[in-house]
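What follows is the content of protein.pdb, which has PDB, C-alpha atoms and all ligand atoms:
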```
ATOM      1  CA  MET F 274      17.332  16.636  31.127
ATOM      2  CA  ALA F 275      16.108  18.536  28.048
ATOM      3  CA  ARG F 276      12.835  20.368  28.461
ATOM      4  CA  PRO F 277       9.920  18.740  26.585
ATOM      5  CA  VAL F 278       9.345  20.367  23.204
ATOM      6  CA  GLY F 279       5.653  20.616  24.089
ATOM      7  CA  ASP F 280       6.521  22.919  27.012
ATOM      8  CA  LEU F 281       8.563  25.145  24.732
ATOM      9  CA  LEU F 282       5.902  25.476  22.042
ATOM     10  CA  ARG F 283       2.627  25.271  23.977
ATOM     11  CA  VAL F 284       0.359  28.309  24.247
ATOM     12  CA  ARG F 285      -0.411  28.320  27.951
ATOM     13  CA  PRO F 286      -4.186  28.102  28.448
ATOM     14  CA  GLY F 287      -5.671  31.242  29.931
ATOM     15  CA  SER F 288      -2.473  33.241  29.583
ATOM     16  CA  GLY F 289      -4.147  36.135  27.756
ATOM     17  CA  PRO F 290      -3.497  37.742  24.377
ATOM     18  CA  VAL F 291      -1.057  35.968  22.080
ATOM     19  CA  SER F 292       1.311  37.876  19.820
ATOM     20  CA  LEU F 293       2.723  35.888  16.910
ATOM     21  CA  VAL F 294       5.257  38.649  16.268
ATOM     22  CA  ASP F 295       6.981  37.454  19.436
ATOM     23  CA  VAL F 296       7.716  34.030  17.897
ATOM     24  CA  ASP F 297      10.524  33.980  15.329
ATOM     25  CA  PRO F 298       9.494  31.639  12.467
ATOM     26  CA  ARG F 299      13.188  30.841  11.856
ATOM     27  CA  SER F 300      13.854  29.844  15.456
ATOM     28  CA  THR F 301      14.422  26.219  16.473
ATOM     29  CA  PRO F 302      13.318  25.860  20.127
ATOM     30  CA  GLY F 303      14.722  22.725  21.745
ATOM     31  CA  HIS F 304      17.143  21.970  18.918
ATOM     32  CA  ASP F 305      20.518  23.613  18.409
ATOM     33  CA  GLY F 306      22.230  21.009  16.261
ATOM     34  CA  GLY F 307      21.386  22.166  12.732
ATOM     35  CA  LYS F 308      19.827  20.434   9.763
ATOM     36  CA  THR F 309      21.723  17.137   9.555
ATOM     37  CA  ALA F 310      21.377  16.407  13.263
ATOM     38  CA  ALA F 311      17.652  17.224  13.070
ATOM     39  CA  ARG F 312      17.146  14.763  10.214
ATOM     40  CA  GLU F 313      19.010  12.030  12.087
ATOM     41  CA  ALA F 314      16.964  12.717  15.202
ATOM     42  CA  VAL F 315      13.696  12.413  13.243
ATOM     43  CA  ALA F 316      14.768   8.983  11.954
ATOM     44  CA  GLU F 317      15.528   7.859  15.525
ATOM     45  CA  VAL F 318      12.273   9.232  16.889
ATOM     46  CA  GLY F 319      10.513   7.454  14.036
ATOM     47  CA  GLU F 320      11.312   4.026  15.443
ATOM     48  CA  ARG F 321       9.747   4.944  18.760
ATOM     49  CA  LEU F 322       6.753   6.545  17.071
ATOM     50  CA  ALA F 323       6.145   3.393  15.059
ATOM     51  CA  GLU F 324       6.227   1.239  18.194
ATOM     52  CA  LEU F 325       3.888   3.515  20.158
ATOM     53  CA  GLN F 326       1.447   3.782  17.272
ATOM     54  CA  LYS F 327       1.372  -0.004  17.089
ATOM     55  CA  GLN F 328       0.556  -0.127  20.810
ATOM     56  CA  LEU F 329      -2.262   2.376  20.334
ATOM     57  CA  TYR F 330      -3.616   0.271  17.504
ATOM     58  CA  ALA F 331      -3.343  -2.909  19.596
ATOM     59  CA  GLU F 332      -5.223  -1.206  22.418
ATOM     60  CA  GLY F 333      -8.005  -0.171  20.019
ATOM     61  CA  ARG F 334      -8.271  -3.710  18.679
ATOM     62  CA  THR F 335      -8.750  -5.077  22.180
ATOM     63  CA  GLY F 336     -11.560  -2.829  23.373
ATOM     64  CA  GLY F 337      -9.733   0.443  24.111
ATOM     65  CA  HIS F 338     -11.352   3.779  23.239
ATOM     66  CA  ARG F 339      -8.315   5.984  22.940
ATOM     67  CA  ARG F 340      -7.183   7.642  19.697
ATOM     68  CA  LEU F 341      -5.011  10.548  18.752
ATOM     69  CA  LEU F 342      -5.870  13.432  16.478
ATOM     70  CA  VAL F 343      -3.192  15.772  15.136
ATOM     71  CA  VAL F 344      -4.671  19.057  13.946
ATOM     72  CA  LEU F 345      -2.396  20.997  11.604
ATOM     73  CA  GLN F 346      -3.054  24.602  10.673
ATOM     74  CA  GLY F 347      -0.908  27.172   8.913
ATOM     75  CA  MET F 348      -0.823  29.668   6.072
ATOM     76  CA  ASP F 349      -0.574  28.449   2.484
ATOM     77  CA  THR F 350       2.808  26.776   1.835
ATOM     78  CA  SER F 351       3.540  26.548   5.572
ATOM     79  CA  GLY F 352       4.277  22.871   4.995
ATOM     80  CA  LYS F 353       1.328  21.007   6.472
ATOM     81  CA  GLY F 354       1.554  18.429   3.705
ATOM     82  CA  GLY F 355       5.330  18.124   4.030
ATOM     83  CA  ALA F 356       5.089  17.687   7.798
ATOM     84  CA  ILE F 357       2.518  14.928   7.340
ATOM     85  CA  LYS F 358       4.647  13.217   4.708
ATOM     86  CA  HIS F 359       7.789  13.238   6.859
ATOM     87  CA  VAL F 360       6.211  12.331  10.179
ATOM     88  CA  ALA F 361       3.308  10.077   9.166
ATOM     89  CA  GLY F 362       5.731   8.295   6.831
ATOM     90  CA  LEU F 363       7.576   6.987   9.892
ATOM     91  CA  MET F 364       4.588   4.910  11.019
ATOM     92  CA  ASN F 365       2.430   2.091   9.680
ATOM     93  CA  PRO F 366      -0.009   3.718   7.222
ATOM     94  CA  ALA F 367      -2.657   1.114   8.058
ATOM     95  CA  GLY F 368      -3.084   2.677  11.507
ATOM     96  CA  LEU F 369      -3.302   6.261  10.226
ATOM     97  CA  ARG F 370      -6.259   8.281   9.026
ATOM     98  CA  ILE F 371      -5.250  11.422   7.148
ATOM     99  CA  HIS F 372      -7.801  13.971   5.965
ATOM    100  CA  GLY F 373      -7.373  17.298   4.215
ATOM    101  CA  PHE F 374     -10.210  19.799   4.460
ATOM    102  CA  GLY F 375     -10.853  22.285   1.681
ATOM    103  CA  LYS F 376     -13.774  24.533   0.942
ATOM    104  CA  PRO F 377     -16.931  22.808   2.208
ATOM    105  CA  THR F 378     -19.266  21.299  -0.373
ATOM    106  CA  GLU F 379     -22.934  22.271  -0.675
ATOM    107  CA  GLN F 380     -23.819  19.131   1.244
ATOM    108  CA  GLU F 381     -21.329  19.902   4.022
ATOM    109  CA  LEU F 382     -22.589  23.484   4.240
ATOM    110  CA  SER F 383     -26.100  22.198   4.847
ATOM    111  CA  HIS F 384     -24.861  20.795   8.176
ATOM    112  CA  ASP F 385     -23.428  22.416  11.265
ATOM    113  CA  PHE F 386     -19.796  23.506  10.687
ATOM    114  CA  LEU F 387     -18.460  20.750  13.000
ATOM    115  CA  TRP F 388     -20.301  17.966  11.180
ATOM    116  CA  ARG F 389     -17.663  17.055   8.604
ATOM    117  CA  PHE F 390     -14.880  16.984  11.202
ATOM    118  CA  ASP F 391     -16.888  14.767  13.534
ATOM    119  CA  ARG F 392     -17.527  12.447  10.606
ATOM    120  CA  ASP F 393     -13.813  12.055   9.875
ATOM    121  CA  LEU F 394     -12.544  11.532  13.407
ATOM    122  CA  PRO F 395     -10.166   8.601  13.857
ATOM    123  CA  ALA F 396     -11.770   5.459  15.282
ATOM    124  CA  PRO F 397     -10.415   3.998  18.543
ATOM    125  CA  GLY F 398      -6.819   2.849  18.121
ATOM    126  CA  TYR F 399      -6.126   5.089  15.118
ATOM    127  CA  LEU F 400      -3.904   8.091  14.739
ATOM    128  CA  GLY F 401      -5.691  10.755  12.726
ATOM    129  CA  MET F 402      -4.212  13.818  11.079
ATOM    130  CA  PHE F 403      -6.254  16.801   9.920
ATOM    131  CA  ASP F 404      -4.603  18.978   7.248
ATOM    132  CA  ARG F 405      -6.686  22.088   8.000
ATOM    133  CA  SER F 406      -9.602  21.611  10.306
ATOM    134  CA  HIS F 407     -12.628  23.074  12.073
ATOM    135  CA  TYR F 408     -10.390  26.074  12.815
ATOM    136  CA  GLU F 409     -10.818  27.245   9.209
ATOM    137  CA  ASP F 410     -14.346  28.124  10.326
ATOM    138  CA  VAL F 411     -12.890  30.908  12.483
ATOM    139  CA  LEU F 412      -9.945  31.709  10.166
ATOM    140  CA  VAL F 413     -10.758  31.906   6.439
ATOM    141  CA  VAL F 414     -14.418  32.358   7.346
ATOM    142  CA  ARG F 415     -13.593  35.354   9.531
ATOM    143  CA  VAL F 416     -11.029  36.906   7.178
ATOM    144  CA  HIS F 417     -13.396  36.693   4.189
ATOM    145  CA  ASP F 418     -16.664  37.416   6.016
ATOM    146  CA  LEU F 419     -18.144  34.115   4.879
ATOM    147  CA  VAL F 420     -20.624  34.144   7.739
ATOM    148  CA  PRO F 421     -21.777  37.100   9.871
ATOM    149  CA  PRO F 422     -19.525  37.999  12.838
ATOM    150  CA  GLN F 423     -22.249  37.168  15.353
ATOM    151  CA  GLU F 424     -22.101  33.617  14.023
ATOM    152  CA  TRP F 425     -18.330  32.994  13.911
ATOM    153  CA  GLN F 426     -17.883  34.696  17.263
ATOM    154  CA  THR F 427     -19.892  31.934  18.930
ATOM    155  CA  ARG F 428     -17.680  29.250  17.376
ATOM    156  CA  TYR F 429     -14.709  29.522  19.736
ATOM    157  CA  ASP F 430     -16.833  28.348  22.674
ATOM    158  CA  ARG F 431     -18.520  25.710  20.521
ATOM    159  CA  ILE F 432     -15.150  24.368  19.423
ATOM    160  CA  ASN F 433     -13.901  24.232  23.022
ATOM    161  CA  ALA F 434     -17.042  22.397  24.131
ATOM    162  CA  TRP F 435     -16.752  19.897  21.267
ATOM    163  CA  GLU F 436     -13.076  19.234  21.939
ATOM    164  CA  CYS F 437     -13.914  18.700  25.611
ATOM    165  CA  GLU F 438     -16.538  16.100  24.660
ATOM    166  CA  LEU F 439     -14.024  14.400  22.388
ATOM    167  CA  ALA F 440     -11.488  14.243  25.203
ATOM    168  CA  GLU F 441     -14.104  12.480  27.335
ATOM    169  CA  GLN F 442     -14.590   9.979  24.514
ATOM    170  CA  GLY F 443     -10.874   9.130  24.467
ATOM    171  CA  VAL F 444      -9.613  11.519  21.784
ATOM    172  CA  THR F 445      -6.277  13.132  22.616
ATOM    173  CA  MET F 446      -5.728  16.167  20.425
ATOM    174  CA  LEU F 447      -2.381  17.575  19.380
ATOM    175  CA  LYS F 448      -2.997  20.998  17.822
ATOM    176  CA  VAL F 449      -0.114  22.560  15.941
ATOM    177  CA  MET F 450       0.082  25.843  14.080
ATOM    178  CA  LEU F 451       2.923  25.969  11.554
ATOM    179  CA  HIS F 452       4.233  29.507  11.936
ATOM    180  CA  LEU F 453       5.627  30.840   8.654
ATOM    181  CA  SER F 454       6.989  34.291   7.789
ATOM    182  CA  PRO F 455       5.611  36.179   4.776
ATOM    183  CA  GLY F 456       9.145  36.371   3.328
ATOM    184  CA  GLU F 457       9.583  32.603   3.461
ATOM    185  CA  GLN F 458       6.155  32.148   1.886
ATOM    186  CA  ARG F 459       7.219  34.395  -1.008
ATOM    187  CA  GLU F 460      10.364  32.284  -1.490
ATOM    188  CA  ARG F 461       8.324  29.078  -1.519
ATOM    189  CA  LEU F 462       5.815  30.457  -4.020
ATOM    190  CA  LEU F 463       8.669  31.662  -6.265
ATOM    191  CA  ALA F 464      10.323  28.237  -5.998
ATOM    192  CA  ARG F 465       7.079  26.641  -7.169
ATOM    193  CA  LEU F 466       7.039  28.963 -10.179
ATOM    194  CA  ASP F 467      10.665  28.135 -10.975
ATOM    195  CA  ASP F 468       9.953  24.409 -11.097
ATOM    196  CA  PRO F 469       7.522  23.189 -13.791
ATOM    197  CA  THR F 470       6.981  19.960 -11.830
ATOM    198  CA  LYS F 471       5.508  22.102  -9.037
ATOM    199  CA  HIS F 472       3.229  24.272 -11.164
ATOM    200  CA  TRP F 473       0.352  21.906 -10.508
ATOM    201  CA  LYS F 474       0.352  22.963  -6.874
ATOM    202  CA  PHE F 475       0.636  26.677  -7.559
ATOM    203  CA  ASN F 476      -2.645  28.266  -6.676
ATOM    204  CA  PRO F 477      -2.761  31.844  -8.059
ATOM    205  CA  GLY F 478      -5.286  32.563  -5.300
ATOM    206  CA  ASP F 479      -2.480  32.147  -2.742
ATOM    207  CA  VAL F 480      -0.859  35.314  -4.127
ATOM    208  CA  ASP F 481      -4.040  37.314  -3.427
ATOM    209  CA  GLU F 482      -4.352  35.733   0.018
ATOM    210  CA  ARG F 483      -1.011  37.323   0.935
ATOM    211  CA  ARG F 484      -2.777  40.675   1.026
ATOM    212  CA  HIS F 485      -4.749  39.349   3.994
ATOM    213  CA  TRP F 486      -1.667  38.263   5.952
ATOM    214  CA  HIS F 487      -2.328  40.660   8.808
ATOM    215  CA  ALA F 488      -5.993  39.648   9.068
ATOM    216  CA  TYR F 489      -5.016  35.960   9.130
ATOM    217  CA  SER F 490      -2.396  36.619  11.807
ATOM    218  CA  SER F 491      -4.998  38.364  13.978
ATOM    219  CA  ALA F 492      -7.470  35.523  13.408
ATOM    220  CA  TYR F 493      -4.793  32.983  14.410
ATOM    221  CA  GLU F 494      -3.954  34.987  17.525
ATOM    222  CA  THR F 495      -7.593  34.871  18.613
ATOM    223  CA  VAL F 496      -7.700  31.107  18.028
ATOM    224  CA  LEU F 497      -4.534  30.611  20.074
ATOM    225  CA  GLU F 498      -5.826  32.774  22.887
ATOM    226  CA  ARG F 499      -9.360  31.398  23.044
ATOM    227  CA  CYS F 500      -8.925  27.754  22.083
ATOM    228  CA  SER F 501      -5.730  26.693  23.814
ATOM    229  CA  THR F 502      -7.284  24.718  26.643
ATOM    230  CA  ASP F 503      -6.052  22.232  29.221
ATOM    231  CA  VAL F 504      -7.634  19.311  27.352
ATOM    232  CA  ALA F 505      -6.525  20.480  23.906
ATOM    233  CA  PRO F 506      -3.706  23.039  23.985
ATOM    234  CA  TRP F 507      -2.283  24.760  20.912
ATOM    235  CA  HIS F 508       1.381  24.704  19.937
ATOM    236  CA  VAL F 509       3.101  27.261  17.725
ATOM    237  CA  LEU F 510       5.783  25.508  15.687
ATOM    238  CA  PRO F 511       8.239  27.794  13.856
ATOM    239  CA  ALA F 512       8.093  26.598  10.247
ATOM    240  CA  ASP F 513      10.489  28.636   8.121
ATOM    241  CA  ARG F 514      13.041  25.822   8.360
ATOM    242  CA  LYS F 515      11.454  22.686   6.998
ATOM    243  CA  TRP F 516      13.846  20.390   8.862
ATOM    244  CA  TYR F 517      12.965  21.987  12.194
ATOM    245  CA  ARG F 518       9.247  21.795  11.423
ATOM    246  CA  SER F 519       9.527  17.999  10.941
ATOM    247  CA  TRP F 520      11.793  17.663  13.986
ATOM    248  CA  GLY F 521       9.320  19.624  16.108
ATOM    249  CA  LEU F 522       6.244  17.745  14.945
ATOM    250  CA  ALA F 523       7.940  14.362  15.424
ATOM    251  CA  HIS F 524       8.902  15.304  18.989
ATOM    252  CA  LEU F 525       5.480  16.736  19.827
ATOM    253  CA  LEU F 526       3.909  13.524  18.602
ATOM    254  CA  LEU F 527       6.361  11.385  20.529
ATOM    255  CA  GLU F 528       5.736  13.310  23.745
ATOM    256  CA  THR F 529       1.973  13.072  23.237
ATOM    257  CA  LEU F 530       2.073   9.320  22.619
ATOM    258  CA  CYS F 531       4.400   8.809  25.609
ATOM    259  CA  GLY F 532       1.891  10.769  27.711
ATOM    260  CA  LEU F 533      -0.734   8.112  26.953
ATOM    261  CA  ASP F 534       1.346   5.567  28.877
ATOM    262  CA  LEU F 535       0.462   2.843  26.382
ATOM    263  CA  GLN F 536       0.934  -0.809  27.317
ATOM    264  CA  TRP F 537       0.712  -3.946  25.227
ATOM    265  CA  PRO F 538      -2.693  -5.564  25.792
ATOM    266  CA  ARG F 539      -2.505  -8.743  27.858
ATOM    267  CA  PRO F 540      -5.466 -10.881  26.794
ATOM    268  CA  GLU F 541      -6.188 -14.041  28.797
ATOM    269  CA  LEU F 542      -4.305 -16.671  26.823
ATOM    270  CA  ASP F 543      -3.424 -20.125  28.108
ATOM    271  CA  VAL F 544      -0.074 -20.001  26.357
ATOM    272  CA  GLU F 545       1.028 -23.486  27.458
ATOM    273  CA  ALA F 546      -2.228 -25.153  26.318
ATOM    274  CA  LEU F 547      -2.030 -23.315  22.989
ATOM    275  CA  ARG F 548       1.607 -24.386  22.512
ATOM    276  CA  ALA F 549       0.627 -27.980  23.255
ATOM    277  CA  ALA F 550      -2.295 -27.805  20.814
ATOM    278  CA  LEU F 551       0.024 -26.471  18.132
ATOM    279  CA  ALA F 552       2.502 -29.285  18.794
ATOM    280  CA  ASP F 553      -0.279 -31.914  18.496
ATOM    281  CA  ARG F 554      -1.456 -30.299  15.306
ATOM    282  CA  ALA F 555       2.071 -30.368  13.879
ATOM    283  CA  GLU F 556       2.347 -34.090  14.630
ATOM    284  CA  GLY F 557      -1.119 -34.698  13.106
ATOM    285  CA  ASP F 558      -0.157 -32.726   9.991
ATOM    286  CA  ALA F 559       3.037 -34.741   9.622
ATOM    287  CA  ALA F 560       1.232 -38.085   9.982
TER     288      ALA F 560
HETATM  289  P1  LIG E   1      -1.491  24.173   0.717
HETATM  290  O1  LIG E   1      -1.751  24.511   2.160
HETATM  291  O2  LIG E   1      -0.399  23.177   0.530
HETATM  292  O3  LIG E   1      -1.290  25.425  -0.094
HETATM  293  P2  LIG E   1      -4.245  23.823   0.494
HETATM  294  O4  LIG E   1      -4.520  23.464   1.923
HETATM  295  O5  LIG E   1      -4.444  25.257   0.100
HETATM  296  O6  LIG E   1      -2.774  23.432   0.141
HETATM  297  P3  LIG E   1      -6.580  23.033  -0.949
HETATM  298  O7  LIG E   1      -7.372  21.817  -0.579
HETATM  299  O8  LIG E   1      -6.440  23.368  -2.371
HETATM  300  O9  LIG E   1      -5.143  22.852  -0.351
HETATM  301  O10 LIG E   1      -7.173  24.319  -0.228
HETATM  302  C1  LIG E   1      -7.920  24.319   0.856
HETATM  303  C2  LIG E   1      -8.667  25.648   0.850
HETATM  304  O11 LIG E   1      -9.937  25.439   1.449
HETATM  305  C3  LIG E   1      -7.961  26.739   1.624
HETATM  306  O12 LIG E   1      -7.875  27.899   0.866
HETATM  307  C4  LIG E   1      -8.877  26.941   2.813
HETATM  308  O13 LIG E   1      -8.867  28.245   3.307
HETATM  309  C5  LIG E   1     -10.229  26.557   2.241
HETATM  310  N1  LIG E   1     -11.175  26.214   3.299
HETATM  311  C6  LIG E   1     -11.045  25.308   4.274
HETATM  312  N2  LIG E   1     -12.106  25.321   5.116
HETATM  313  C7  LIG E   1     -12.938  26.280   4.640
HETATM  314  C8  LIG E   1     -14.181  26.790   5.066
HETATM  315  N3  LIG E   1     -14.806  26.313   6.136
HETATM  316  N4  LIG E   1     -14.745  27.750   4.325
HETATM  317  C9  LIG E   1     -14.117  28.229   3.226
HETATM  318  N5  LIG E   1     -12.934  27.814   2.779
HETATM  319  C10 LIG E   1     -12.342  26.848   3.480
END
```

Could I get this structure in the form of structure tokens?
Amino acid sequence: MARPVGDLLRVRPGSGPVSLVDVDPRSTPGHDGGKTAAREAVAEVGERLAELQKQLYAEGRTGGHRRLLVVLQGMDTSGKGGAIKHVAGLMNPAGLRIHGFGKPTEQELSHDFLWRFDRDLPAPGYLGMFDRSHYEDVLVVRVHDLVPPQEWQTRYDRINAWECELAEQGVTMLKVMLHLSPGEQRERLLARLDDPTKHWKFNPGDVDERRHWHAYSSAYETVLERCSTDVAPWHVLPADRKWYRSWGLAHLLLETLCGLDLQWPRPELDVEALRAALADRAEGDAA
């Protein structure tokens, strides 16, 4: 039997320093069938995802506390939005809660850094997706010295403690870093410039951010080393090939939902009495 994709991509908790250089962003762990086969596989997985998400929703509507939160991180243009579009698009949007997190507002900055993420957690039964997350508070914040080191250094433990509390409250977290190469990022930025319909999403600031690539990589490595825990492990998903990125995320999500061992709720219903009542009603209506 094929090895779970989660096993191939997971950063093993407590396994020491992580080196992103050791992971080829063009690799396709768990899939050797190429682009067309990957797209077909995503469509097939989609049917199962849709069913499992419906079961999660049904559980939440009948008193369950469980929910799922997908946390997506990655450099600019790594395809967080594309991954959400392709994978979330396979499920019922009514059961999804998708949030993107940009620069915090004045109001958000007046609170603890975790406040805005806690506020936007999915409710029981929902599948949430964070496009960027609380991890920006130890990534961009660290790279650009937005708070003093003695402050961001305490955040790794705070994040782990918060995620542990969330797990106790029924939140299963799937944390995925989309691992892009600087060369592929350059190609994607150039492609945006070549296409006037994509100029709106060209942020000139992304070009300057490329100068900090090494600092971001180091900041990501610290996150992966310190915050891949048993309750909320990190996964590094090679992202240079868009079709593999969607294939990988769909499979990670499927494996995570399967791990919840979801069942259809079985409320106490006197099915026979209800059928009989409906039959009476039908006769009454016809009279
Ligand atoms: P794409 O990834 O597709 O390029 P984007 O994620 O850059 O899109 P935006 O909403 O325009 O979309 O940008 C989010 C920006 O907000 C990023 O530059 C990110 O680093 C920044 N950001 C997120 N959290 C924080 C934070 N806590 N402090 C400062 N900046 C932050």

Quick one: residues within 7 Å of range 386-391 of chain F, all atoms listed in the file, excluding same-chain residues fewer than 3 positions away - as an mmCIF file with C-alpha atoms, in the frame of the given file?
```
data_model
loop_
_atom_site.group_PDB
_atom_site.id
_atom_site.type_symbol
_atom_site.label_atom_id
_atom_site.label_comp_id
_atom_site.auth_asym_id
_atom_site.auth_seq_id
_atom_site.Cartn_x
_atom_site.Cartn_y
_atom_site.Cartn_z
ATOM 1 C CA GLU F 381 -21.329 19.902 4.022
ATOM 2 C CA LEU F 394 -12.544 11.532 13.407
ATOM 3 C CA HIS F 407 -12.628 23.074 12.073
#
```

Task: Picked residues, the PyMOL selection byres (((not hetatm)) within 8 of (chain E and resi 1)), as a ChimeraX atom specification - done: /F:347-354,373-377,386,404-410,412-414,419,474-476,479

Counting all atoms listed in the file, give me one row per residue of range 285-393 of chain F with an atom at most 8 Å from an atom of range 503-521 of chain F, showing the shortest contact pair and its distance in Å to one decimal, sorted by chain then residue number, as CSV.
```
residue,atom,partner,partner_atom,distance
F:Arg285,CA,F:Pro506,CA,7.4
F:Pro286,CA,F:Asp503,CA,6.2
F:Val296,CA,F:Pro511,CA,7.4
F:Asp297,CA,F:Pro511,CA,6.8
F:Pro298,CA,F:Pro511,CA,4.3
F:Arg299,CA,F:Asp513,CA,5.1
F:Ser300,CA,F:Pro511,CA,6.2
F:Thr301,CA,F:Tyr517,CA,6.2
F:His304,CA,F:Tyr517,CA,7.9
F:Lys308,CA,F:Trp516,CA,6.0
F:Ala311,CA,F:Trp520,CA,5.9
F:Arg312,CA,F:Trp516,CA,6.7
F:Ala314,CA,F:Trp520,CA,7.3
F:Val315,CA,F:Trp520,CA,5.6
F:Ser351,CA,F:Ala512,CA,6.5
F:Gly352,CA,F:Lys515,CA,7.5
F:Ala356,CA,F:Ser519,CA,5.4
F:His359,CA,F:Ser519,CA,6.5
F:Val360,CA,F:Ser519,CA,6.6
```

Output C-alpha atoms for every residue in that selection, as a short mmCIF file (atom, residue, chain, number, x, y, z; two decimals), in the coordinates of the input.
```cif
data_model
loop_
_atom_site.label_atom_id
_atom_site.label_comp_id
_atom_site.auth_asym_id
_atom_site.auth_seq_id
_atom_site.Cartn_x
_atom_site.Cartn_y
_atom_site.Cartn_z
CA ARG F 285 -0.41 28.32 27.95
CA PRO F 286 -4.19 28.10 28.45
CA VAL F 296 7.72 34.03 17.90
CA ASP F 297 10.52 33.98 15.33
CA PRO F 298 9.49 31.64 12.47
CA ARG F 299 13.19 30.84 11.86
CA SER F 300 13.85 29.84 15.46
CA THR F 301 14.42 26.22 16.47
CA HIS F 304 17.14 21.97 18.92
CA LYS F 308 19.83 20.43 9.76
CA ALA F 311 17.65 17.22 13.07
CA ARG F 312 17.15 14.76 10.21
CA ALA F 314 16.96 12.72 15.20
CA VAL F 315 13.70 12.41 13.24
CA SER F 351 3.54 26.55 5.57
CA GLY F 352 4.28 22.87 5.00
CA ALA F 356 5.09 17.69 7.80
CA HIS F 359 7.79 13.24 6.86
CA VAL F 360 6.21 12.33 10.18
#
```

Residue members of the PyMOL selection byres (((chain F and resi 417) around 12) and not hetatm) in the file shown, as a compact mmCIF listing (two decimals) with C-alpha atoms, in the coordinates of the input:
```
# COMPACT_ATOMS: atom_id res chain seq x y z
CA GLU F 409 -10.82 27.24 9.21
CA ASP F 410 -14.35 28.12 10.33
CA VAL F 411 -12.89 30.91 12.48
CA LEU F 412 -9.94 31.71 10.17
CA VAL F 413 -10.76 31.91 6.44
CA VAL F 414 -14.42 32.36 7.35
CA ARG F 415 -13.59 35.35 9.53
CA VAL F 416 -11.03 36.91 7.18
CA ASP F 418 -16.66 37.42 6.02
CA LEU F 419 -18.14 34.12 4.88
CA VAL F 420 -20.62 34.14 7.74
CA PRO F 421 -21.78 37.10 9.87
CA PRO F 422 -19.52 38.00 12.84
CA TRP F 425 -18.33 32.99 13.91
CA GLU F 482 -4.35 35.73 0.02
CA ARG F 484 -2.78 40.67 1.03
CA HIS F 485 -4.75 39.35 3.99
CA TRP F 486 -1.67 38.26 5.95
CA ALA F 488 -5.99 39.65 9.07
CA TYR F 489 -5.02 35.96 9.13
CA ALA F 492 -7.47 35.52 13.41
```

Open item on the list: Please expand the PyMOL selection byres (((chain F and resi 502) around 12) and not hetatm) into the concrete residues it hits in this file, giving the result as a ChimeraX atom specification.
Closed with: /F:283-289,429-430,432-437,440,446-448,496-501,503-508

Task: Nearest to Phe403 in chain F by atom-to-atom distance, counting all atoms listed in the file, from F:Leu453, F:Val294, F:Leu322, F:Leu345 - done: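 For Phe403 in chain F, the nearest of the candidates is F:Leu345.
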
Box time for range 366-369 of chain F: axis-aligned, enclosing all its listed atoms, 4 Å extra on each side; report centre and edge lengths in Å to one decimal, as AutoDock Vina command-line options.
```
--center_x -1.7 --center_y 3.7 --center_z 9.4 --size_x 11.3 --size_y 13.1 --size_z 12.3
```
